[in-house]
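Some notes on the structure that comes next.
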Amino acid sequence: MPRESYVHGHSGAPLIGKTIGALLDDVSATDGAREALVVAHQNVRWTYAELKSRSDAFASGLLALGLEPGDRVGIWSPNCAEWTIAQFATAKAGLILVNINPAYRIGELEHVLRAVGCRALITAARFKSSDYIAMIRELVPELGRGSGELHSPRLPDLRHVISIVGKPDGCLAFDRVMEQGRQAGSGRLESVAAAIQIDDAVNIQFTSGTTGLPKGATLSHHNLINNAFFVGEATGIEPGSRVCIPVPLYHCFGMVMGNLGCVTHAATMVYPSEAFDPLKTLRAVEAERCDVLYGVPTMFIAQLNQAEFSSFNLSSLRRGIMAGAPCPIEVMKEVASSMHMSEITIAYGMTETSPVSFQSSRDDPLELRVSTVGRIQPHLEAKIVDRDGRIVPRGEAGELCTRGYSVMLGYWNDEARTREAVDAAGWMHTGDLATIDDAGYCRIVGRIKDMVIRGGENIYPREVEEYLYQHPDVQDVQVFGVPDAKYGEELCAWIVSRPGAAIDEESVRTFCQGRISHYKVPRYIRFVESFPSTVTGKVQKFAMREAMIEEFARAAKVSA
Ligand code: AMP
C-alpha cells in the first residue's frame with residue numbers, strides 16, 4: 001500500500017495560550033530595556049518598555065473615545081511606527097484591527113470600511129500619489145462639518161478618523177489620542193484586557209486578490225501568536241535578533257511573521273522604509289547589522305540586481321524567509337551565497353491560515369531547501385486530495401488542505417464563503433496544487449487554476465519557470481496558459497531580461513530545445529519591463545493572460 005499524503009507536525013513545544021496584549025506585557029517585563037523597534041525613515045528607536053508604554057497609552061485613548069471591545073478599527077497606512085502601536089493597542093483593548101491596503105483607492109476603501117463596519121479609521125496623510133485625507137473627505141464629506149463624533153449615511157458605523165500626521169480638520173491627532181489615554185490612566189484598559197479570550201478576533205485581513213474579490217479573513221489572538229512563534233522558531237529568531245522587515249505591515253508577512261515573530265522572541269523589528277525599496281532595505285541591513293531578512297521573491301531579486309549591491313556590507317545576515325509566491329531555485333541559491341543568508345528558509349502559507357503552514361528547516365540540505373517549501377509546521381496537519389476530496393498517495397499532486405490552530409475564524413460576516421473555504425472537518429482548502437514526498441517535504445506545483453492543460457498534457461508553469469530561470473539572461477519569468485483553438489491552451493512566457501542582455505525569442509527556444517519536453521517550450525514569448533502584481537509582490541497571471549488575449553484579438557483584426 002502506498003503511503004497517503006497526510007502529515008502532522010508534532011512538536012515538543014506546546015502551543016501558547018496567551019493574548020497578544022499579555023504577550024507584550026510579559027516581554028516588556030522581562031526584556032524592557034531591549035530594542036523593540038527601529039524605523040529608519042522616522043528616526044524611531046524604542047525599547048520594549050517604550051513600545052508598551054505608547055501602545056498602552058494609545059489603547060486607553062481608544063477606549064476613552066468610546067470604542068468597545070469587538071469594535072473594528074481600520075488602519076490605512078504604509079509602514080510606520082504608529083502602525084505597530086495601533087497593532088498592539090487594539091489587541092490589548094479587545095478591538096479588531098482591520099488592515100487596509102495602502103494602495104487602495106476610494107471604492108476599495110469604502111468596500112472594506114462597510115464590509116466590516118469600522119467605527120474608527122487610523123490613516124496616514126499621504127503616500128506616493130495617494131492623498132488619504134482627500135479621499136476620506138470625498139467619501140465622507142461630513143468630516144469636519146459638525147462638532148463631536150462623525151455621522152455619515154454612507155458609512156453609518158464610522159465615528160472617528162485618527163490622523164497619524166498632523167490634525168486635519170475633523171480628524172483626531174494620533175498623538176492627542178495617546179495623550180488622552182495617558183491622562184485617563186490604565187485602570188479601564190487593564191480590566192478590559194483581563195477579559196479578552198485567546199479565541200477572540202483580533203485582526204481582519206483582506207486577502208490580496210489573486211483569487212477574486214477581497215474577503216475579510218478574521219483571525220484570533222491564538223491564530224496569530226502561535227503562528228508567529230513557530231515561524232520565528234523555524235527561522236531561528238532569537239532574543240536580540242534584528243529582523244529587517246521590508247514587507248508591508250498590512251499583510252500577514254509584515255504584522256504576523258515580522259512584528260509578532262519578533263515580539264514572541266524579544267527580537268528587534270527594523271523597518272527600512274514606508275514601502276519596499278531595494279536600496280533602503282540593503283542600507284538598513286548594513287546600518288542595523290540585521291541578522292534576519294524577510295521578503296517575497298521579487299524583493300530579493302530587486303536587491304540582488306541593484307548596481308550598488310556589492311558595495312553593501314551584508315555580513316551580519318544569516319537567516320530569513322522568502323515566501324508569498326513561488327521562490328525560484330536560482331534566486332534562493334544566490335541569496336544564500338551573495339547575501340550570506342546560508343540559513344534562509346522558504347515558508348508557504350496564506351492569509352486565512354495565519355499565514356504559515358509549511359516551512360523549510362535551516363539545516364535542511366540546500367537542494368531540498370530551495371526546491372520545496374519544507375515540512376509541516378508544528379501542531380498543524382496537511383493532506384493532499386484529488387478532485388473528489390480523497391487523499392492521494394505520496395508524491396501525487398492534488399489540492400493542499402491544512403488544518404489546526406492556524407485556520408481563521410472565518411470570513412467576516414460571510415458564512416457561505418467561509419463554508420466554501422473551510423469544510424465541516426476544519427480543513428482549509430488552499431486552492432494550491434502540491435505534492436508531499438515520503439519524507440514529508442511539500443512542493444507547491446501551482447494553483448488549481450494555474451495549471452495549464454495543453455492538448456491533454458498537464459503543465460505546471462512553476463516547472464517551466466524554474467527551467468527558464470537557469471538561462472543566464474533571464475532575470476525573472478512568469479509562465480501561464482493562453483486560450484488556443486487547437487490545443488485548448490498554449491503556454492506563454494513573459495520574461496524580464498537582465499540589464500544589457502541580448503536575449504530574443506530564438507535564443508530562449510534554443511535554450512529549451514531538447515532539454516525540456518516539447519510541449520513545455522512556451523509557444524509565445526514576450527519581453528517585458530515588469531509584471532502586473534499586487535502590492536505584496538504576488539504576480540497577477542490573470543492580467544498577463546488578458547493582455548495576451550487582447551494582443552491576439554488585435555492581430556486577428558489586422559490579418560482579417
Ligand atoms: P496570501 O493570502 O496573500 O498570503 O496568498 C497566499 C497564496 O500565496 C497561497 O495560496 C499560494 O498560492 C501563494 N504562496 C504563498 N507562499 C508561497 C510559496 N512559498 N510558494 C508558492 N506559493 C506561495
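Just remember, in the C-alpha cells the first chain shown is A, the second B, etc., residues are 1-based per chain, and ligands are 1-based in the order shown.
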
Counting only C-alpha atoms and all ligand atoms, give me one row per residue of chain A with an atom at most 6 Å from an atom of ligand 1, showing the shortest contact pair and its distance in Å to one decimal, sorted by chain then residue number, as a tab-separated table.
residue	atom	partner	partner_atom_place_in_ligand_line	distance
A:Thr207	CA	ligand 1	2 (O)	5.2
A:Ser208	CA	ligand 1	3 (O)	4.8
A:Ala323	CA	ligand 1	19 (N)	4.3
A:Gly324	CA	ligand 1	16 (N)	3.4
A:Ala325	CA	ligand 1	23 (C)	3.7
A:Pro326	CA	ligand 1	21 (C)	3.5
A:Cys327	CA	ligand 1	20 (N)	5.8
A:Ile346	CA	ligand 1	19 (N)	5.8
A:Ala347	CA	ligand 1	19 (N)	4.9
A:Tyr348	CA	ligand 1	16 (N)	3.8
A:Gly349	CA	ligand 1	15 (C)	4.9
A:Met350	CA	ligand 1	6 (C)	3.7
A:Thr351	CA	ligand 1	2 (O)	3.7
A:Val373	CA	ligand 1	19 (N)	5.8
A:Thr430	CA	ligand 1	10 (O)	5.6
A:Asp432	CA	ligand 1	12 (O)	5.5
A:Ile444	CA	ligand 1	21 (C)	5.5
A:Arg447	CA	ligand 1	12 (O)	5.9

For the residues in that selection, give me N, CA, C and O atoms as a PDB file, in the first residue's frame.
ATOM      1  N   THR A 207      -7.806  39.439   1.836  1.00  0.00           N
ATOM      2  CA  THR A 207      -6.839  38.654   1.064  1.00  0.00           C
ATOM      3  C   THR A 207      -6.571  39.349  -0.266  1.00  0.00           C
ATOM      4  O   THR A 207      -7.451  40.005  -0.820  1.00  0.00           O
ATOM      5  N   SER A 208      -5.324  39.137  -0.773  1.00  0.00           N
ATOM      6  CA  SER A 208      -4.793  40.104  -1.723  1.00  0.00           C
ATOM      7  C   SER A 208      -5.313  40.105  -3.161  1.00  0.00           C
ATOM      8  O   SER A 208      -4.902  40.936  -3.948  1.00  0.00           O
ATOM      9  N   ALA A 323       9.042  34.033   0.928  1.00  0.00           N
ATOM     10  CA  ALA A 323       7.715  33.412   0.924  1.00  0.00           C
ATOM     11  C   ALA A 323       6.740  34.263   0.144  1.00  0.00           C
ATOM     12  O   ALA A 323       7.094  35.328  -0.356  1.00  0.00           O
ATOM     13  N   GLY A 324       5.515  33.792   0.071  1.00  0.00           N
ATOM     14  CA  GLY A 324       4.439  34.588  -0.509  1.00  0.00           C
ATOM     15  C   GLY A 324       4.144  34.253  -1.956  1.00  0.00           C
ATOM     16  O   GLY A 324       3.081  34.573  -2.455  1.00  0.00           O
ATOM     17  N   ALA A 325       5.087  33.650  -2.624  1.00  0.00           N
ATOM     18  CA  ALA A 325       4.920  33.283  -4.030  1.00  0.00           C
ATOM     19  C   ALA A 325       5.994  32.238  -4.311  1.00  0.00           C
ATOM     20  O   ALA A 325       6.926  32.091  -3.515  1.00  0.00           O
ATOM     21  N   PRO A 326       5.877  31.518  -5.443  1.00  0.00           N
ATOM     22  CA  PRO A 326       6.906  30.514  -5.722  1.00  0.00           C
ATOM     23  C   PRO A 326       8.301  31.140  -5.671  1.00  0.00           C
ATOM     24  O   PRO A 326       8.544  32.199  -6.231  1.00  0.00           O
ATOM     25  N   CYS A 327       9.213  30.469  -4.950  1.00  0.00           N
ATOM     26  CA  CYS A 327      10.565  31.008  -4.759  1.00  0.00           C
ATOM     27  C   CYS A 327      11.514  30.291  -5.711  1.00  0.00           C
ATOM     28  O   CYS A 327      11.819  29.119  -5.519  1.00  0.00           O
ATOM     29  N   ILE A 346      12.329  28.787   3.269  1.00  0.00           N
ATOM     30  CA  ILE A 346      11.149  29.144   2.478  1.00  0.00           C
ATOM     31  C   ILE A 346       9.938  28.858   3.343  1.00  0.00           C
ATOM     32  O   ILE A 346       9.900  27.844   4.049  1.00  0.00           O
ATOM     33  N   ALA A 347       8.971  29.761   3.324  1.00  0.00           N
ATOM     34  CA  ALA A 347       7.722  29.466   4.028  1.00  0.00           C
ATOM     35  C   ALA A 347       6.586  29.512   3.027  1.00  0.00           C
ATOM     36  O   ALA A 347       6.627  30.263   2.060  1.00  0.00           O
ATOM     37  N   TYR A 348       5.601  28.701   3.294  1.00  0.00           N
ATOM     38  CA  TYR A 348       4.404  28.696   2.460  1.00  0.00           C
ATOM     39  C   TYR A 348       3.191  28.915   3.369  1.00  0.00           C
ATOM     40  O   TYR A 348       3.096  28.312   4.444  1.00  0.00           O
ATOM     41  N   GLY A 349       2.309  29.745   2.932  1.00  0.00           N
ATOM     42  CA  GLY A 349       1.081  29.918   3.704  1.00  0.00           C
ATOM     43  C   GLY A 349       0.095  30.799   2.986  1.00  0.00           C
ATOM     44  O   GLY A 349       0.283  31.141   1.825  1.00  0.00           O
ATOM     45  N   MET A 350      -0.945  31.141   3.687  1.00  0.00           N
ATOM     46  CA  MET A 350      -1.941  32.044   3.134  1.00  0.00           C
ATOM     47  C   MET A 350      -2.607  32.783   4.286  1.00  0.00           C
ATOM     48  O   MET A 350      -2.642  32.299   5.416  1.00  0.00           O
ATOM     49  N   THR A 351      -3.127  33.971   3.965  1.00  0.00           N
ATOM     50  CA  THR A 351      -3.737  34.828   4.977  1.00  0.00           C
ATOM     51  C   THR A 351      -4.690  34.047   5.881  1.00  0.00           C
ATOM     52  O   THR A 351      -4.680  34.209   7.097  1.00  0.00           O
ATOM     53  N   VAL A 373       8.872  23.625  -0.076  1.00  0.00           N
ATOM     54  CA  VAL A 373       8.537  24.628   0.945  1.00  0.00           C
ATOM     55  C   VAL A 373       8.704  24.012   2.338  1.00  0.00           C
ATOM     56  O   VAL A 373       8.167  24.508   3.316  1.00  0.00           O
ATOM     57  N   THR A 430      -6.858  25.166   0.236  1.00  0.00           N
ATOM     58  CA  THR A 430      -5.984  26.288  -0.116  1.00  0.00           C
ATOM     59  C   THR A 430      -6.122  26.736  -1.567  1.00  0.00           C
ATOM     60  O   THR A 430      -5.744  27.856  -1.899  1.00  0.00           O
ATOM     61  N   ASP A 432      -4.271  25.606  -3.734  1.00  0.00           N
ATOM     62  CA  ASP A 432      -2.932  25.400  -4.287  1.00  0.00           C
ATOM     63  C   ASP A 432      -2.720  23.928  -4.593  1.00  0.00           C
ATOM     64  O   ASP A 432      -3.199  23.051  -3.874  1.00  0.00           O
ATOM     65  N   ILE A 444       5.033  23.079  -3.893  1.00  0.00           N
ATOM     66  CA  ILE A 444       3.864  23.749  -4.463  1.00  0.00           C
ATOM     67  C   ILE A 444       4.062  23.716  -5.970  1.00  0.00           C
ATOM     68  O   ILE A 444       5.052  24.256  -6.471  1.00  0.00           O
ATOM     69  N   ARG A 447      -1.233  26.734  -8.761  1.00  0.00           N
ATOM     70  CA  ARG A 447      -2.559  26.922  -8.184  1.00  0.00           C
ATOM     71  C   ARG A 447      -3.493  26.109  -9.045  1.00  0.00           C
ATOM     72  O   ARG A 447      -3.204  25.872 -10.211  1.00  0.00           O
TER      73      ARG A 447
END

Inset, instruction - Write out as a list in words each polymer residue whose atoms come within 8 Å of A:Val231, counting only C-alpha atoms; drop sequence neighbours fewer than 3 positions from it. - result: Asn227, Ala228, Ala234, Thr235, Met257, Gly261, Val356, Gln359 and Gln377 of chain A

Inset, instruction - Could you give me, as a ChimeraX atom specification, each residue of stretch 280-409 of chain A that DSSP assigns to helix (DSSP H, G or I) when run on this structure's backbone? - result: /A:280-288,297-304,309-311,329-338,351-353,366-371

Inset, instruction - Measuring atom to atom with only C-alpha atoms, identify which of A:Gly488, A:Val116, A:Glu399, A:Gly404 is nearest to A:Val73. - result: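 Closest to A:Val73 of all the choices is A:Val116.
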
Do you have, as CSV, the list of residues of stretch 19-124 of chain A lying at most 12 Å from stretch 536-550 of chain A, each with its nearest atom pair and that distance in Å to one decimal, counting only C-alpha atoms and ordered by chain then number?
residue,atom,partner,partner_atom,distance
A:Asn101,CA,A:Thr536,CA,9.6
A:Pro102,CA,A:Thr536,CA,11.0
A:Ala103,CA,A:Thr536,CA,10.5

Could you dump the residues just selected with C-alpha atoms as a compact mmCIF listing (two decimals), in the first residue's frame?
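Listing of selection_30.txt after writing:
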# COMPACT_ATOMS: atom_id res chain seq x y z
CA ASN A 101 -4.00 48.12 1.75
CA PRO A 102 -2.24 51.50 1.35
CA ALA A 103 -2.67 51.21 -2.42

Inset, instruction - Can you work out which one of A:Met408, A:Ala336, A:Met135, A:Met322 has the shortest atom-to-atom distance to A:Thr372, counting only C-alpha atoms? - result: A:Met322

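For A:Ser28, the residues within 12 Å (counting only C-alpha atoms, excluding itself and residues fewer than 5 positions away along the chain) are Gly21, Ala22, Leu23, Ala33, Arg34, Glu35, Ala36, Trp46, Thr47, Tyr48, Ala49, Glu50, Leu51, Lys52, Ser53, Ser55, Asp56, Val263, Thr264, His265, Ala266 and Ala267 of chain A.
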
I need the residues from that last selection saved to file as an mmCIF file, in the first residue's frame (with N, CA and C atoms), if you can.
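Okay, this is what ended up in out.cif:
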data_model
loop_
_atom_site.group_PDB
_atom_site.id
_atom_site.type_symbol
_atom_site.label_atom_id
_atom_site.label_comp_id
_atom_site.auth_asym_id
_atom_site.auth_seq_id
_atom_site.Cartn_x
_atom_site.Cartn_y
_atom_site.Cartn_z
ATOM 1 N N GLY A 21 -2.002 41.137 23.981
ATOM 2 C CA GLY A 21 -1.733 42.165 24.997
ATOM 3 C C GLY A 21 -0.842 41.606 26.100
ATOM 4 N N ALA A 22 -1.178 40.414 26.564
ATOM 5 C CA ALA A 22 -0.388 39.797 27.644
ATOM 6 C C ALA A 22 1.032 39.505 27.167
ATOM 7 N N LEU A 23 1.169 39.156 25.885
ATOM 8 C CA LEU A 23 2.496 38.857 25.344
ATOM 9 C C LEU A 23 3.410 40.085 25.451
ATOM 10 N N ALA A 33 14.393 46.680 28.475
ATOM 11 C CA ALA A 33 15.440 47.587 28.003
ATOM 12 C C ALA A 33 15.929 47.217 26.605
ATOM 13 N N ARG A 34 15.453 46.102 26.097
ATOM 14 C CA ARG A 34 15.912 45.644 24.785
ATOM 15 C C ARG A 34 15.265 46.472 23.671
ATOM 16 N N GLU A 35 15.990 46.684 22.575
ATOM 17 C CA GLU A 35 15.431 47.457 21.478
ATOM 18 C C GLU A 35 14.289 46.663 20.829
ATOM 19 N N ALA A 36 13.138 47.294 20.720
ATOM 20 C CA ALA A 36 11.983 46.615 20.131
ATOM 21 C C ALA A 36 11.789 47.030 18.679
ATOM 22 N N TRP A 46 12.938 52.497 19.727
ATOM 23 C CA TRP A 46 12.250 52.321 21.008
ATOM 24 C C TRP A 46 12.605 50.980 21.640
ATOM 25 N N THR A 47 12.672 50.990 22.965
ATOM 26 C CA THR A 47 12.846 49.736 23.691
ATOM 27 C C THR A 47 11.471 49.078 23.842
ATOM 28 N N TYR A 48 11.469 47.854 24.357
ATOM 29 C CA TYR A 48 10.189 47.188 24.617
ATOM 30 C C TYR A 48 9.372 47.962 25.642
ATOM 31 N N ALA A 49 10.040 48.531 26.652
ATOM 32 C CA ALA A 49 9.294 49.301 27.660
ATOM 33 C C ALA A 49 8.622 50.504 27.005
ATOM 34 N N GLU A 50 9.336 51.153 26.075
ATOM 35 C CA GLU A 50 8.753 52.325 25.395
ATOM 36 C C GLU A 50 7.603 51.917 24.468
ATOM 37 N N LEU A 51 7.795 50.827 23.763
ATOM 38 C CA LEU A 51 6.721 50.382 22.862
ATOM 39 C C LEU A 51 5.470 50.054 23.668
ATOM 40 N N LYS A 52 5.653 49.371 24.790
ATOM 41 C CA LYS A 52 4.494 49.013 25.618
ATOM 42 C C LYS A 52 3.825 50.281 26.167
ATOM 43 N N SER A 53 4.622 51.219 26.632
ATOM 44 C CA SER A 53 4.011 52.414 27.224
ATOM 45 C C SER A 53 3.203 53.182 26.176
ATOM 46 N N SER A 55 1.899 51.904 23.381
ATOM 47 C CA SER A 55 0.752 51.084 22.960
ATOM 48 C C SER A 55 -0.348 51.138 24.015
ATOM 49 N N ASP A 56 0.037 51.044 25.277
ATOM 50 C CA ASP A 56 -0.971 51.100 26.345
ATOM 51 C C ASP A 56 -1.669 52.450 26.356
ATOM 52 N N VAL A 263 8.248 39.929 18.555
ATOM 53 C CA VAL A 263 7.815 40.106 19.945
ATOM 54 C C VAL A 263 7.776 38.756 20.673
ATOM 55 N N THR A 264 7.377 37.689 19.982
ATOM 56 C CA THR A 264 7.377 36.376 20.645
ATOM 57 C C THR A 264 8.796 35.905 20.957
ATOM 58 N N HIS A 265 9.806 36.582 20.402
ATOM 59 C CA HIS A 265 11.192 36.160 20.650
ATOM 60 C C HIS A 265 12.057 37.284 21.216
ATOM 61 N N ALA A 266 11.423 38.354 21.663
ATOM 62 C CA ALA A 266 12.183 39.503 22.204
ATOM 63 C C ALA A 266 13.282 39.950 21.235
ATOM 64 N N ALA A 267 12.916 40.032 19.970
ATOM 65 C CA ALA A 267 13.864 40.472 18.939
ATOM 66 C C ALA A 267 13.505 41.897 18.507
#

Inset, instruction - Pick out the closest residue to A:Val27 from this set: A:His221, A:Leu260, A:Val192, A:Gly66. Count only C-alpha atoms. - result: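 When distances to A:Val27 are compared using only C-alpha atoms, the smallest one comes from A:Leu260.
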
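Proximity ranking of A:Pro472, A:Gly216, A:Gly117, A:Gly236 relative to A:Pro499 places A:Pro472 first, based on only C-alpha atoms.
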
Inset, instruction - Mind the document's chain letters and residue numbers, and return as JSON, numbers by chain the residues of stretch 199-260 of chain A that DSSP labels strand (DSSP E or B). - result: {"A": [201, 202, 203, 204, 205, 206, 216, 217, 218, 219, 220, 242, 243, 244]}

Inset, instruction - May I have the residues within 10 Å of A:Ser497 as a count of residues only, using only C-alpha atoms and disregarding those fewer than 3 positions away in the same chain? - result: 17
